[in-house]
>>> print(open('data_6.pdb').read())   # PDB, C-alpha atoms
MODEL        1
ATOM      1  CA  MET A   1      43.022  -4.246  81.808
ATOM      2  CA  LYS A   2      44.241  -5.856  78.617
ATOM      3  CA  ILE A   3      43.037  -5.503  75.041
ATOM      4  CA  GLY A   4      44.231  -8.791  73.621
ATOM      5  CA  ASN A   5      47.885  -8.892  74.688
ATOM      6  CA  VAL A   6      48.162  -5.085  75.016
ATOM      7  CA  GLU A   7      48.262  -3.804  78.571
ATOM      8  CA  ILE A   8      46.300  -0.601  79.298
ATOM      9  CA  ASN A   9      47.528   1.073  82.487
ATOM     10  CA  GLY A  10      44.717   3.442  83.380
ATOM     11  CA  VAL A  11      41.019   4.073  82.846
ATOM     12  CA  ALA A  12      40.825   6.922  80.292
ATOM     13  CA  ALA A  13      41.445   6.819  76.534
ATOM     14  CA  LEU A  14      41.461   9.433  73.774
ATOM     15  CA  ALA A  15      38.748   8.961  71.135
ATOM     16  CA  PRO A  16      39.571   8.878  67.395
ATOM     17  CA  MET A  17      38.436  12.357  66.343
ATOM     18  CA  ALA A  18      38.917  13.317  62.700
ATOM     19  CA  GLY A  19      40.980  16.490  62.321
ATOM     20  CA  VAL A  20      41.893  16.463  66.015
ATOM     21  CA  ALA A  21      43.456  13.184  67.222
ATOM     22  CA  ASP A  22      46.651  13.621  65.216
ATOM     23  CA  ARG A  23      50.134  12.663  66.384
ATOM     24  CA  ALA A  24      50.769  15.993  68.165
ATOM     25  CA  PHE A  25      47.536  15.833  70.180
ATOM     26  CA  ARG A  26      47.856  12.111  70.925
ATOM     27  CA  GLU A  27      51.362  12.606  72.332
ATOM     28  CA  LEU A  28      50.148  15.517  74.455
ATOM     29  CA  CYS A  29      47.240  13.494  75.868
ATOM     30  CA  VAL A  30      49.570  10.613  76.732
ATOM     31  CA  ASP A  31      51.822  13.122  78.558
ATOM     32  CA  PHE A  32      48.780  14.129  80.617
ATOM     33  CA  GLY A  33      47.892  10.545  81.477
ATOM     34  CA  ALA A  34      45.772   9.073  78.666
ATOM     35  CA  ALA A  35      46.192   5.311  79.036
ATOM     36  CA  TYR A  36      45.407   4.584  75.393
ATOM     37  CA  VAL A  37      44.919   6.695  72.256
ATOM     38  CA  VAL A  38      43.232   6.042  68.901
ATOM     39  CA  GLY A  39      44.269   7.926  65.772
ATOM     40  CA  GLU A  40      42.035   9.726  63.277
ATOM     41  CA  MET A  41      39.968   7.388  61.113
ATOM     42  CA  VAL A  42      41.661   6.463  57.843
ATOM     43  CA  SER A  43      40.054   5.207  54.630
ATOM     44  CA  ALA A  44      40.892   1.547  54.028
ATOM     45  CA  LYS A  45      40.486   2.132  50.311
ATOM     46  CA  GLY A  46      42.829   5.144  50.464
ATOM     47  CA  ILE A  47      45.496   2.975  52.124
ATOM     48  CA  THR A  48      45.207   0.224  49.520
ATOM     49  CA  TYR A  49      45.463   2.850  46.754
ATOM     50  CA  ASN A  50      48.667   4.136  48.401
ATOM     51  CA  ASN A  51      47.074   7.577  48.892
ATOM     52  CA  ASP A  52      49.624   9.937  50.481
ATOM     53  CA  LYS A  53      47.088  11.696  52.727
ATOM     54  CA  SER A  54      45.786   8.375  54.051
ATOM     55  CA  LEU A  55      49.291   7.041  54.719
ATOM     56  CA  GLU A  56      50.292  10.276  56.508
ATOM     57  CA  LEU A  57      47.460   9.739  58.996
ATOM     58  CA  LEU A  58      48.969   6.369  59.956
ATOM     59  CA  GLU A  59      52.225   7.832  61.294
ATOM     60  CA  MET A  60      52.792   7.375  65.010
ATOM     61  CA  SER A  61      55.643   7.556  67.490
ATOM     62  CA  ASP A  62      56.847   5.642  70.540
ATOM     63  CA  LYS A  63      55.770   8.605  72.703
ATOM     64  CA  GLU A  64      52.099   7.707  72.285
ATOM     65  CA  ARG A  65      51.785   4.043  73.074
ATOM     66  CA  PRO A  66      49.610   2.064  73.303
ATOM     67  CA  CYS A  67      48.089   3.540  70.148
ATOM     68  CA  ALA A  68      45.543   2.202  67.660
ATOM     69  CA  ILE A  69      45.069   2.908  63.982
ATOM     70  CA  GLN A  70      41.377   3.252  63.100
ATOM     71  CA  LEU A  71      40.162   2.155  59.678
ATOM     72  CA  PHE A  72      36.855   2.801  57.947
ATOM     73  CA  GLY A  73      35.328   0.972  54.993
ATOM     74  CA  TYR A  74      32.721  -1.678  54.266
ATOM     75  CA  GLU A  75      34.468  -4.342  52.158
ATOM     76  CA  PRO A  76      36.023  -7.115  54.291
ATOM     77  CA  ASP A  77      38.831  -7.864  51.824
ATOM     78  CA  VAL A  78      39.782  -4.179  51.421
ATOM     79  CA  MET A  79      39.698  -3.666  55.202
ATOM     80  CA  ALA A  80      41.927  -6.710  55.688
ATOM     81  CA  ARG A  81      44.456  -5.535  53.079
ATOM     82  CA  ALA A  82      44.506  -2.011  54.571
ATOM     83  CA  ALA A  83      45.052  -3.447  58.053
ATOM     84  CA  GLU A  84      47.956  -5.505  56.723
ATOM     85  CA  ILE A  85      49.575  -2.428  55.115
ATOM     86  CA  SER A  86      48.994  -0.447  58.334
ATOM     87  CA  LEU A  87      51.249  -2.835  60.255
ATOM     88  CA  LYS A  88      54.272  -1.069  58.691
ATOM     89  CA  PHE A  89      53.483   1.823  61.056
ATOM     90  CA  LYS A  90      53.626  -0.520  64.069
ATOM     91  CA  PRO A  91      50.207   0.107  65.672
ATOM     92  CA  ASP A  92      49.517  -1.727  68.922
ATOM     93  CA  ILE A  93      45.884  -2.287  67.906
ATOM     94  CA  ILE A  94      43.730  -2.035  64.758
ATOM     95  CA  ASP A  95      40.333  -0.443  65.438
ATOM     96  CA  ILE A  96      37.383  -0.654  63.047
ATOM     97  CA  ASN A  97      35.066   2.349  62.735
ATOM     98  CA  MET A  98      31.423   1.281  62.921
ATOM     99  CA  GLY A  99      30.189   4.507  64.490
ATOM    100  CA  CYS A 100      31.031   7.595  62.423
ATOM    101  CA  PRO A 101      27.783   9.510  61.704
ATOM    102  CA  ALA A 102      29.226  11.903  59.062
ATOM    103  CA  PRO A 103      27.105  11.738  55.875
ATOM    104  CA  LYS A 104      30.080  11.279  53.543
ATOM    105  CA  ILE A 105      31.109   8.188  55.555
ATOM    106  CA  ALA A 106      27.756   6.705  56.632
ATOM    107  CA  LEU A 107      25.922   7.291  53.350
ATOM    108  CA  ASN A 108      28.749   5.486  51.596
ATOM    109  CA  GLY A 109      28.050   2.310  53.596
ATOM    110  CA  SER A 110      30.896   2.784  56.103
ATOM    111  CA  GLY A 111      31.010   3.978  59.716
ATOM    112  CA  SER A 112      27.662   3.838  61.510
ATOM    113  CA  ALA A 113      25.944   2.438  58.381
ATOM    114  CA  LEU A 114      27.559  -0.915  59.218
ATOM    115  CA  MET A 115      25.254  -1.107  62.269
ATOM    116  CA  LYS A 116      22.432  -1.786  59.777
ATOM    117  CA  ASN A 117      24.172  -5.002  58.710
ATOM    118  CA  PRO A 118      25.415  -6.934  61.790
ATOM    119  CA  ASP A 119      26.519  -9.942  59.704
ATOM    120  CA  LEU A 120      28.779  -7.702  57.612
ATOM    121  CA  CYS A 121      30.259  -6.288  60.849
ATOM    122  CA  GLY A 122      31.242  -9.831  61.817
ATOM    123  CA  LYS A 123      32.737 -10.572  58.399
ATOM    124  CA  ILE A 124      34.862  -7.412  58.512
ATOM    125  CA  VAL A 125      36.186  -8.212  62.000
ATOM    126  CA  GLU A 126      36.980 -11.784  60.961
ATOM    127  CA  ALA A 127      38.790 -10.684  57.778
ATOM    128  CA  VAL A 128      40.898  -8.074  59.602
ATOM    129  CA  LYS A 129      41.616 -10.466  62.496
ATOM    130  CA  ASN A 130      42.914 -13.087  60.058
ATOM    131  CA  ALA A 131      45.136 -10.518  58.316
ATOM    132  CA  VAL A 132      47.020  -9.051  61.316
ATOM    133  CA  ASP A 133      48.860 -10.229  64.407
ATOM    134  CA  VAL A 134      47.743  -7.380  66.685
ATOM    135  CA  PRO A 135      44.416  -7.136  68.563
ATOM    136  CA  VAL A 136      41.403  -5.955  66.550
ATOM    137  CA  THR A 137      38.724  -3.789  68.195
ATOM    138  CA  VAL A 138      35.528  -2.053  67.057
ATOM    139  CA  LYS A 139      33.864   1.271  67.850
ATOM    140  CA  ILE A 140      30.088   1.169  67.537
ATOM    141  CA  ARG A 141      27.058   3.314  68.343
ATOM    142  CA  LYS A 142      23.815   2.514  70.133
ATOM    143  CA  GLY A 143      22.325   1.722  66.703
ATOM    144  CA  TRP A 144      21.376   3.396  63.422
ATOM    145  CA  ASP A 145      18.200   5.005  64.802
ATOM    146  CA  ASN A 146      15.761   4.520  67.689
ATOM    147  CA  ASN A 147      13.946   1.808  65.749
ATOM    148  CA  SER A 148      17.126  -0.244  65.381
ATOM    149  CA  VAL A 149      18.984  -0.129  68.704
ATOM    150  CA  ASN A 150      21.272  -3.137  68.218
ATOM    151  CA  ALA A 151      24.566  -2.354  69.965
ATOM    152  CA  VAL A 152      24.312  -5.552  72.062
ATOM    153  CA  GLU A 153      23.736  -7.741  68.994
ATOM    154  CA  VAL A 154      26.577  -6.118  67.012
ATOM    155  CA  ALA A 155      28.961  -6.327  69.993
ATOM    156  CA  LYS A 156      28.259 -10.053  70.437
ATOM    157  CA  ILE A 157      28.755 -10.751  66.710
ATOM    158  CA  CYS A 158      32.054  -8.825  66.722
ATOM    159  CA  GLU A 159      33.210 -10.695  69.830
ATOM    160  CA  GLN A 160      32.448 -14.049  68.174
ATOM    161  CA  ALA A 161      34.330 -12.899  65.049
ATOM    162  CA  GLY A 162      37.466 -12.232  67.124
ATOM    163  CA  ALA A 163      37.277  -8.630  68.377
ATOM    164  CA  SER A 164      39.393  -8.065  71.495
ATOM    165  CA  ALA A 165      37.359  -5.065  72.783
ATOM    166  CA  VAL A 166      34.366  -2.927  71.841
ATOM    167  CA  ALA A 167      33.893   0.813  72.361
ATOM    168  CA  VAL A 168      30.277   1.965  72.610
ATOM    169  CA  HIS A 169      29.057   5.515  71.951
ATOM    170  CA  GLY A 170      25.713   5.936  73.694
ATOM    171  CA  ARG A 171      23.826   7.613  70.816
ATOM    172  CA  THR A 172      22.331   6.396  67.550
ATOM    173  CA  ARG A 173      23.592   7.645  64.199
ATOM    174  CA  GLN A 174      20.379   9.642  63.818
ATOM    175  CA  GLN A 175      21.078  11.442  67.117
ATOM    176  CA  GLN A 176      24.599  12.484  65.990
ATOM    177  CA  TYR A 177      26.022  14.235  69.109
ATOM    178  CA  MET A 178      23.049  16.168  70.464
ATOM    179  CA  PRO A 179      20.827  14.476  73.065
ATOM    180  CA  PRO A 180      22.483  13.195  76.250
ATOM    181  CA  ALA A 181      24.285   9.896  75.670
ATOM    182  CA  ASP A 182      22.513   6.742  76.851
ATOM    183  CA  TRP A 183      24.891   5.065  79.298
ATOM    184  CA  GLU A 184      22.415   2.233  79.910
ATOM    185  CA  ILE A 185      23.265   0.744  76.487
ATOM    186  CA  ILE A 186      26.963   0.674  77.493
ATOM    187  CA  LYS A 187      25.987  -1.262  80.626
ATOM    188  CA  GLN A 188      23.910  -3.700  78.547
ATOM    189  CA  VAL A 189      26.834  -4.353  76.188
ATOM    190  CA  LYS A 190      29.172  -4.854  79.167
ATOM    191  CA  GLN A 191      26.812  -7.464  80.599
ATOM    192  CA  ALA A 192      26.452  -9.239  77.240
ATOM    193  CA  VAL A 193      30.118  -9.769  76.267
ATOM    194  CA  LYS A 194      33.264 -11.114  77.912
ATOM    195  CA  ILE A 195      35.733  -8.803  76.117
ATOM    196  CA  PRO A 196      36.579  -5.352  77.565
ATOM    197  CA  VAL A 197      34.010  -2.620  76.936
ATOM    198  CA  ILE A 198      34.986   1.032  76.472
ATOM    199  CA  GLY A 199      32.308   3.622  77.294
ATOM    200  CA  ASN A 200      32.029   6.805  75.241
ATOM    201  CA  GLY A 201      29.742   9.840  75.351
ATOM    202  CA  ASP A 202      29.335  13.014  77.430
ATOM    203  CA  ILE A 203      32.437  12.770  79.618
ATOM    204  CA  THR A 204      33.518  16.375  80.075
ATOM    205  CA  ASN A 205      35.149  16.123  83.511
ATOM    206  CA  ALA A 206      36.718  13.629  85.921
ATOM    207  CA  TYR A 207      33.566  13.220  88.004
ATOM    208  CA  LEU A 208      31.533  12.123  84.982
ATOM    209  CA  ALA A 209      34.280   9.636  84.045
ATOM    210  CA  VAL A 210      34.059   8.026  87.492
ATOM    211  CA  LYS A 211      30.254   8.077  87.274
ATOM    212  CA  MET A 212      30.310   6.234  83.927
ATOM    213  CA  LEU A 213      32.736   3.613  85.253
ATOM    214  CA  GLU A 214      30.508   3.018  88.270
ATOM    215  CA  GLU A 215      27.135   3.103  86.484
ATOM    216  CA  THR A 216      28.023   0.997  83.445
ATOM    217  CA  GLY A 217      30.771  -1.276  84.769
ATOM    218  CA  CYS A 218      32.796  -0.479  81.622
ATOM    219  CA  ASP A 219      36.534  -1.178  81.690
ATOM    220  CA  LEU A 220      37.719   2.093  80.193
ATOM    221  CA  VAL A 221      36.186   5.474  79.396
ATOM    222  CA  MET A 222      36.879   7.187  76.077
ATOM    223  CA  ILE A 223      37.051  10.976  75.917
ATOM    224  CA  GLY A 224      36.243  12.811  72.693
ATOM    225  CA  ARG A 225      34.964  16.390  72.728
ATOM    226  CA  GLY A 226      35.718  16.661  76.467
ATOM    227  CA  ALA A 227      39.431  16.685  75.578
ATOM    228  CA  LEU A 228      39.245  19.558  73.066
ATOM    229  CA  GLY A 229      41.559  22.268  74.383
ATOM    230  CA  ASN A 230      41.594  20.194  77.554
ATOM    231  CA  PRO A 231      44.218  17.418  77.634
ATOM    232  CA  PHE A 232      44.236  18.095  81.404
ATOM    233  CA  ILE A 233      41.109  15.933  81.700
ATOM    234  CA  PHE A 234      43.257  12.770  81.682
ATOM    235  CA  ARG A 235      45.389  13.993  84.595
ATOM    236  CA  GLU A 236      42.217  14.926  86.488
ATOM    237  CA  ILE A 237      40.603  11.510  85.927
ATOM    238  CA  ASN A 238      43.760   9.771  87.135
ATOM    239  CA  MET A 239      43.916  11.983  90.245
ATOM    240  CA  LEU A 240      40.322  11.110  91.106
ATOM    241  CA  THR A 241      40.462   7.383  90.347
ATOM    242  CA  GLU A 242      43.981   6.556  91.580
ATOM    243  CA  HIS A 243      44.423   8.922  94.511
ATOM    244  CA  GLU A 244      40.831  10.012  95.266
ATOM    245  CA  ARG A 245      42.101  13.575  95.167
ATOM    246  CA  VAL A 246      39.880  16.365  93.945
ATOM    247  CA  PRO A 247      41.342  17.708  90.670
ATOM    248  CA  LEU A 248      42.775  21.209  90.902
ATOM    249  CA  GLU A 249      41.517  23.893  88.587
ATOM    250  CA  VAL A 250      43.832  24.487  85.637
ATOM    251  CA  SER A 251      45.394  27.949  85.805
ATOM    252  CA  ASN A 252      45.309  30.243  82.768
ATOM    253  CA  THR A 253      49.112  30.267  82.816
ATOM    254  CA  GLU A 254      49.281  26.479  82.457
ATOM    255  CA  ARG A 255      46.492  26.439  79.865
ATOM    256  CA  ILE A 256      48.368  28.944  77.677
ATOM    257  CA  ALA A 257      51.718  27.183  78.170
ATOM    258  CA  VAL A 258      50.191  23.881  77.034
ATOM    259  CA  LEU A 259      48.502  25.540  74.054
ATOM    260  CA  LEU A 260      51.904  26.846  72.906
ATOM    261  CA  ARG A 261      53.524  23.456  73.464
ATOM    262  CA  HIS A 262      50.730  21.727  71.518
ATOM    263  CA  ILE A 263      50.941  24.064  68.515
ATOM    264  CA  GLN A 264      54.747  23.982  68.479
ATOM    265  CA  LYS A 265      54.511  20.188  68.164
ATOM    266  CA  LEU A 266      51.823  20.533  65.483
ATOM    267  CA  CYS A 267      54.057  22.860  63.415
ATOM    268  CA  GLU A 268      57.023  20.546  63.898
ATOM    269  CA  TYR A 269      55.091  17.600  62.440
ATOM    270  CA  LYS A 270      53.071  19.357  59.725
ATOM    271  CA  GLY A 271      55.024  22.516  58.962
ATOM    272  CA  GLU A 272      54.044  26.031  60.032
ATOM    273  CA  VAL A 273      51.603  26.741  57.167
ATOM    274  CA  ILE A 274      49.373  23.703  57.800
ATOM    275  CA  GLY A 275      50.104  23.672  61.533
ATOM    276  CA  MET A 276      48.911  27.247  62.048
ATOM    277  CA  LYS A 277      45.748  26.714  60.000
ATOM    278  CA  GLU A 278      44.900  23.807  62.295
ATOM    279  CA  ALA A 279      46.016  25.827  65.331
ATOM    280  CA  ARG A 280      43.076  28.212  64.892
ATOM    281  CA  LYS A 281      40.451  25.757  66.149
ATOM    282  CA  HIS A 282      42.716  24.407  68.914
ATOM    283  CA  ALA A 283      43.471  27.908  70.211
ATOM    284  CA  ALA A 284      39.741  28.702  70.286
ATOM    285  CA  TRP A 285      39.148  25.596  72.423
ATOM    286  CA  TYR A 286      41.986  26.410  74.848
ATOM    287  CA  PHE A 287      40.723  29.985  75.300
ATOM    288  CA  LYS A 288      37.334  28.747  76.535
ATOM    289  CA  GLY A 289      36.748  30.047  80.061
ATOM    290  CA  ILE A 290      39.520  32.667  79.905
ATOM    291  CA  HIS A 291      38.457  36.304  80.435
ATOM    292  CA  GLY A 292      37.697  37.874  77.035
ATOM    293  CA  ALA A 293      37.404  34.441  75.374
ATOM    294  CA  ALA A 294      35.004  35.615  72.626
ATOM    295  CA  SER A 295      37.459  38.237  71.362
ATOM    296  CA  LEU A 296      40.416  35.824  71.690
ATOM    297  CA  ARG A 297      38.588  33.136  69.704
ATOM    298  CA  LYS A 298      37.784  35.624  66.958
ATOM    299  CA  LYS A 299      41.464  36.607  66.692
ATOM    300  CA  ALA A 300      42.485  32.926  66.797
ATOM    301  CA  GLY A 301      40.619  32.521  63.497
ATOM    302  CA  THR A 302      43.197  34.753  61.775
ATOM    303  CA  LEU A 303      46.414  33.103  63.038
ATOM    304  CA  ASN A 304      49.071  32.594  60.359
ATOM    305  CA  THR A 305      52.391  32.214  62.159
ATOM    306  CA  PHE A 306      53.587  30.828  65.484
ATOM    307  CA  ASP A 307      54.681  34.380  66.400
ATOM    308  CA  ASP A 308      51.039  35.477  65.907
ATOM    309  CA  LEU A 309      50.040  32.870  68.467
ATOM    310  CA  ILE A 310      52.699  34.021  70.951
ATOM    311  CA  GLU A 311      51.336  37.579  70.762
ATOM    312  CA  LEU A 312      47.748  36.392  71.184
ATOM    313  CA  CYS A 313      48.752  34.301  74.196
ATOM    314  CA  LYS A 314      50.388  37.339  75.798
ATOM    315  CA  GLU A 315      47.125  39.206  75.300
ATOM    316  CA  ALA A 316      45.181  36.326  76.864
ATOM    317  CA  LEU A 317      47.384  36.339  79.966
ATOM    318  CA  ASN A 318      47.104  40.127  80.337
TER     319      ASN A 318
ENDMDL
END
>>> encode(input="data_6.pdb", output="C-alpha cells")
Amino acid sequence: MKIGNVEINGVAALAPMAGVADRAFRELCVDFGAAYVVGEMVSAKGITYNNDKSLELLEMSDKERPCAIQLFGYEPDVMARAAEISLKFKPDIIDINMGCPAPKIALNGSGSALMKNPDLCGKIVEAVKNAVDVPVTVKIRKGWDNNSVNAVEVAKICEQAGASAVAVHGRTRQQQYMPPADWEIIKQVKQAVKIPVIGNGDITNAYLAVKMLEETGCDLVMIGRGALGNPFIFREINMLTEHERVPLEVSNTERIAVLLRHIQKLCEYKGEVIGMKEARKHAAWYFKGIHGAASLRKKAGTLNTFDDLIELCKEALN
C-alpha cells in the first residue's frame, strides 16, 4: 500500500505511544518487521516556541523509515507552522493527533476533543497539507462518546481536506482503553473513504491482526499496547500473513537478549540516567510471562544502572 507517495511494505505499524514510541523502540520494532512507525505525539505549540523537549521528540534516524512525526494542537495556523518546522527532521509523513484521550490534551481542545468539531478537523488538515510537501494523515477515535459516534464523518472531512490516510481507534474518548474495541467502526470508515485506513485497537497477537484485516478490510493494522515488551509481534504478524506459518513462541533467552539490546540503545540515545529510569517500565513489560515475573517487575522498579539490569536479567534466566 501507499500513503501518498510513501510505500509501506507490510501490514503492521507501530502506534504513536507517548513515553514509549521513542527512537530506540521505533528502530527495534522496524528491525522486527514493523512496516511503518509513528513517533510520540509532540505539541505543535512547543515546536513553534522552540521548546527543547518538543524538538528532541522529533529526532529520527534512517534505521526507522518510513516514520511519521505526530503533532497535537487545535489551531490550524500553529499546526501548519509546527509541521513546517518538523520537516527539518525529515519525516516521511506528518500525522495529526485527533484521538488522544488524556485529560491534559483533550480538555485543552486537542487530541480526541477535535472529534467534537469536525469542521475544525478539516481546517487543520488543510492548513498542514498546504504547509508541507509530505503526506498528511490523521489518527481518530470512534467519537467523543457514545452519543457522538462520528468517525465516518470526520474521516470523510479529513479526506476531502487532503489527508492521505486515516487511522481509526475503535473506542470513544469516554471509553479510554477499557471495553473491547469496536472493529465495526473501522470497517464503516474503510467503506466510506478512498484513502488507506489503518485499524487500531486490541491487537495483542498475530492472529488478531489477521482477524482485523479480514473483518474490517483495513489496509494496515496499528499495534499499540500489544507491542509493549513485545516487538516480536511484528515478526509474528509477518510470518502469519506472508508465509502462513504459525509464529513460534519467543524463548526467555531471546526475550532477555532483546530487552538488553533495547535498553542499551535507549541509554545510547538518552544517556544512562534518563535511559535507566525509562528502562524500569520496559523491563517490567519484557518480564511478563517469565517465571517469577512479579518479583522481577518489583526489582525492575529500582534499576539505576545498565549493570543493574544485566544482573536482573541473569536472575530472570536462572
>>> resolve_selection(input="data_6.pdb", expression="the PyMOL selection byres ((chain A and resi 184) around 10)", output="PyMOL selection string")
chain A and resi 142+170+181-183+185-190+212+215-216
>>> resolve_selection(input="data_6.pdb", expression="the PyMOL selection byres ((chain A and resi 250-259) around 12)", output="MDAnalysis selection string")
chainID A and resid 24:25 28:29 31:32 228:233 235:236 247:249 260:266 279:291 293 300 306 309:318
>>> atom_distance(input="data_6.pdb", atom1="atom CA of Asn9 of chain A", atom2="atom CA of Met60 of chain A")
19.3 Å
>>> atom_distance(input="data_6.pdb", atom1="atom CA of Lys63 of chain A", atom2="atom CA of Lys2 of chain A")
19.4 Å
>>> closest_residue(input="data_6.pdb", among="A:Asp202, A:Ile124, A:Ala209, A:Ala192", to="Val152 of chain A", atoms="all atoms listed in the file")
A:Ala192
>>> resolve_selection(input="data_6.pdb", expression="the PyMOL selection byres ((chain A and resi 38-43) around 9)", output="ChimeraX atom specification")
/A:13-23,26,36-37,44-48,54-55,57-58,60,66-73,79,82,93,95-97
>>> decode(input="data_6.pdb", residues="segment 218-293 of chain A", atoms="C-alpha atoms", output="PDB file, in the first residue's frame")
ATOM      1  CA  CYS A 218      -8.415  -2.134   6.590  1.00  0.00           C
ATOM      2  CA  ASP A 219      -5.123  -1.662   4.745  1.00  0.00           C
ATOM      3  CA  LEU A 220      -2.810  -1.748   7.744  1.00  0.00           C
ATOM      4  CA  VAL A 221      -3.095  -2.664  11.417  1.00  0.00           C
ATOM      5  CA  MET A 222      -1.557  -0.451  14.094  1.00  0.00           C
ATOM      6  CA  ILE A 223      -0.170  -2.020  17.261  1.00  0.00           C
ATOM      7  CA  GLY A 224      -0.017  -0.033  20.494  1.00  0.00           C
ATOM      8  CA  ARG A 225      -0.085  -1.763  23.876  1.00  0.00           C
ATOM      9  CA  GLY A 226       0.331  -5.167  22.185  1.00  0.00           C
ATOM     10  CA  ALA A 227       3.928  -4.174  21.377  1.00  0.00           C
ATOM     11  CA  LEU A 228       4.925  -3.257  24.949  1.00  0.00           C
ATOM     12  CA  GLY A 229       7.835  -5.525  25.852  1.00  0.00           C
ATOM     13  CA  ASN A 230       6.884  -7.400  22.700  1.00  0.00           C
ATOM     14  CA  PRO A 231       8.463  -6.059  19.489  1.00  0.00           C
ATOM     15  CA  PHE A 232       8.311  -9.718  18.364  1.00  0.00           C
ATOM     16  CA  ILE A 233       4.644  -9.178  17.465  1.00  0.00           C
ATOM     17  CA  PHE A 234       5.661  -7.602  14.134  1.00  0.00           C
ATOM     18  CA  ARG A 235       7.764 -10.625  13.147  1.00  0.00           C
ATOM     19  CA  GLU A 236       4.880 -12.914  14.125  1.00  0.00           C
ATOM     20  CA  ILE A 237       2.326 -10.957  12.066  1.00  0.00           C
ATOM     21  CA  ASN A 238       4.623 -11.059   9.039  1.00  0.00           C
ATOM     22  CA  MET A 239       5.158 -14.820   9.439  1.00  0.00           C
ATOM     23  CA  LEU A 240       1.405 -15.395   9.515  1.00  0.00           C
ATOM     24  CA  THR A 241       0.426 -13.021   6.707  1.00  0.00           C
ATOM     25  CA  GLU A 242       3.352 -13.539   4.308  1.00  0.00           C
ATOM     26  CA  HIS A 243       4.225 -17.194   4.823  1.00  0.00           C
ATOM     27  CA  GLU A 244       1.111 -18.566   6.577  1.00  0.00           C
ATOM     28  CA  ARG A 245       3.454 -20.024   9.166  1.00  0.00           C
ATOM     29  CA  VAL A 246       2.376 -20.332  12.765  1.00  0.00           C
ATOM     30  CA  PRO A 247       4.516 -17.947  14.862  1.00  0.00           C
ATOM     31  CA  LEU A 248       6.959 -19.660  17.197  1.00  0.00           C
ATOM     32  CA  GLU A 249       6.866 -18.894  20.878  1.00  0.00           C
ATOM     33  CA  VAL A 250       9.538 -16.407  21.925  1.00  0.00           C
ATOM     34  CA  SER A 251      12.097 -18.039  24.215  1.00  0.00           C
ATOM     35  CA  ASN A 252      13.058 -16.386  27.506  1.00  0.00           C
ATOM     36  CA  THR A 253      16.644 -16.221  26.251  1.00  0.00           C
ATOM     37  CA  GLU A 254      15.632 -14.171  23.204  1.00  0.00           C
ATOM     38  CA  ARG A 255      13.255 -12.009  25.248  1.00  0.00           C
ATOM     39  CA  ILE A 256      16.045 -11.093  27.689  1.00  0.00           C
ATOM     40  CA  ALA A 257      18.589 -10.539  24.899  1.00  0.00           C
ATOM     41  CA  VAL A 258      16.213  -8.118  23.163  1.00  0.00           C
ATOM     42  CA  LEU A 259      15.455  -6.319  26.430  1.00  0.00           C
ATOM     43  CA  LEU A 260      19.194  -5.696  26.907  1.00  0.00           C
ATOM     44  CA  ARG A 261      19.582  -4.559  23.304  1.00  0.00           C
ATOM     45  CA  HIS A 262      16.596  -2.205  23.656  1.00  0.00           C
ATOM     46  CA  ILE A 263      17.847  -0.584  26.870  1.00  0.00           C
ATOM     47  CA  GLN A 264      21.410  -0.296  25.562  1.00  0.00           C
ATOM     48  CA  LYS A 265      20.010   1.694  22.624  1.00  0.00           C
ATOM     49  CA  LEU A 266      17.861   3.767  24.995  1.00  0.00           C
ATOM     50  CA  CYS A 267      20.919   4.677  27.117  1.00  0.00           C
ATOM     51  CA  GLU A 268      22.926   5.468  23.998  1.00  0.00           C
ATOM     52  CA  TYR A 269      20.315   7.992  22.835  1.00  0.00           C
ATOM     53  CA  LYS A 270      19.249   9.491  26.175  1.00  0.00           C
ATOM     54  CA  GLY A 271      22.175   8.847  28.499  1.00  0.00           C
ATOM     55  CA  GLU A 272      22.263   6.243  31.269  1.00  0.00           C
ATOM     56  CA  VAL A 273      20.482   8.327  33.943  1.00  0.00           C
ATOM     57  CA  ILE A 274      17.347   9.016  31.869  1.00  0.00           C
ATOM     58  CA  GLY A 275      17.646   5.753  29.936  1.00  0.00           C
ATOM     59  CA  MET A 276      17.609   3.603  33.074  1.00  0.00           C
ATOM     60  CA  LYS A 277      14.668   5.484  34.587  1.00  0.00           C
ATOM     61  CA  GLU A 278      12.707   4.715  31.426  1.00  0.00           C
ATOM     62  CA  ALA A 279      14.094   1.163  31.382  1.00  0.00           C
ATOM     63  CA  ARG A 280      12.129   0.301  34.532  1.00  0.00           C
ATOM     64  CA  LYS A 281       8.744   0.147  32.795  1.00  0.00           C
ATOM     65  CA  HIS A 282      10.166  -1.568  29.690  1.00  0.00           C
ATOM     66  CA  ALA A 283      11.862  -4.267  31.775  1.00  0.00           C
ATOM     67  CA  ALA A 284       8.592  -4.910  33.632  1.00  0.00           C
ATOM     68  CA  TRP A 285       6.825  -5.433  30.290  1.00  0.00           C
ATOM     69  CA  TYR A 286       9.512  -7.795  28.949  1.00  0.00           C
ATOM     70  CA  PHE A 287       9.416  -9.893  32.138  1.00  0.00           C
ATOM     71  CA  LYS A 288       5.701 -10.624  31.675  1.00  0.00           C
ATOM     72  CA  GLY A 289       5.205 -14.383  31.376  1.00  0.00           C
ATOM     73  CA  ILE A 290       8.668 -15.274  32.710  1.00  0.00           C
ATOM     74  CA  HIS A 291       8.773 -17.459  35.850  1.00  0.00           C
ATOM     75  CA  GLY A 292       8.904 -15.193  38.924  1.00  0.00           C
ATOM     76  CA  ALA A 293       7.702 -12.174  36.906  1.00  0.00           C
TER      77      ALA A 293
END
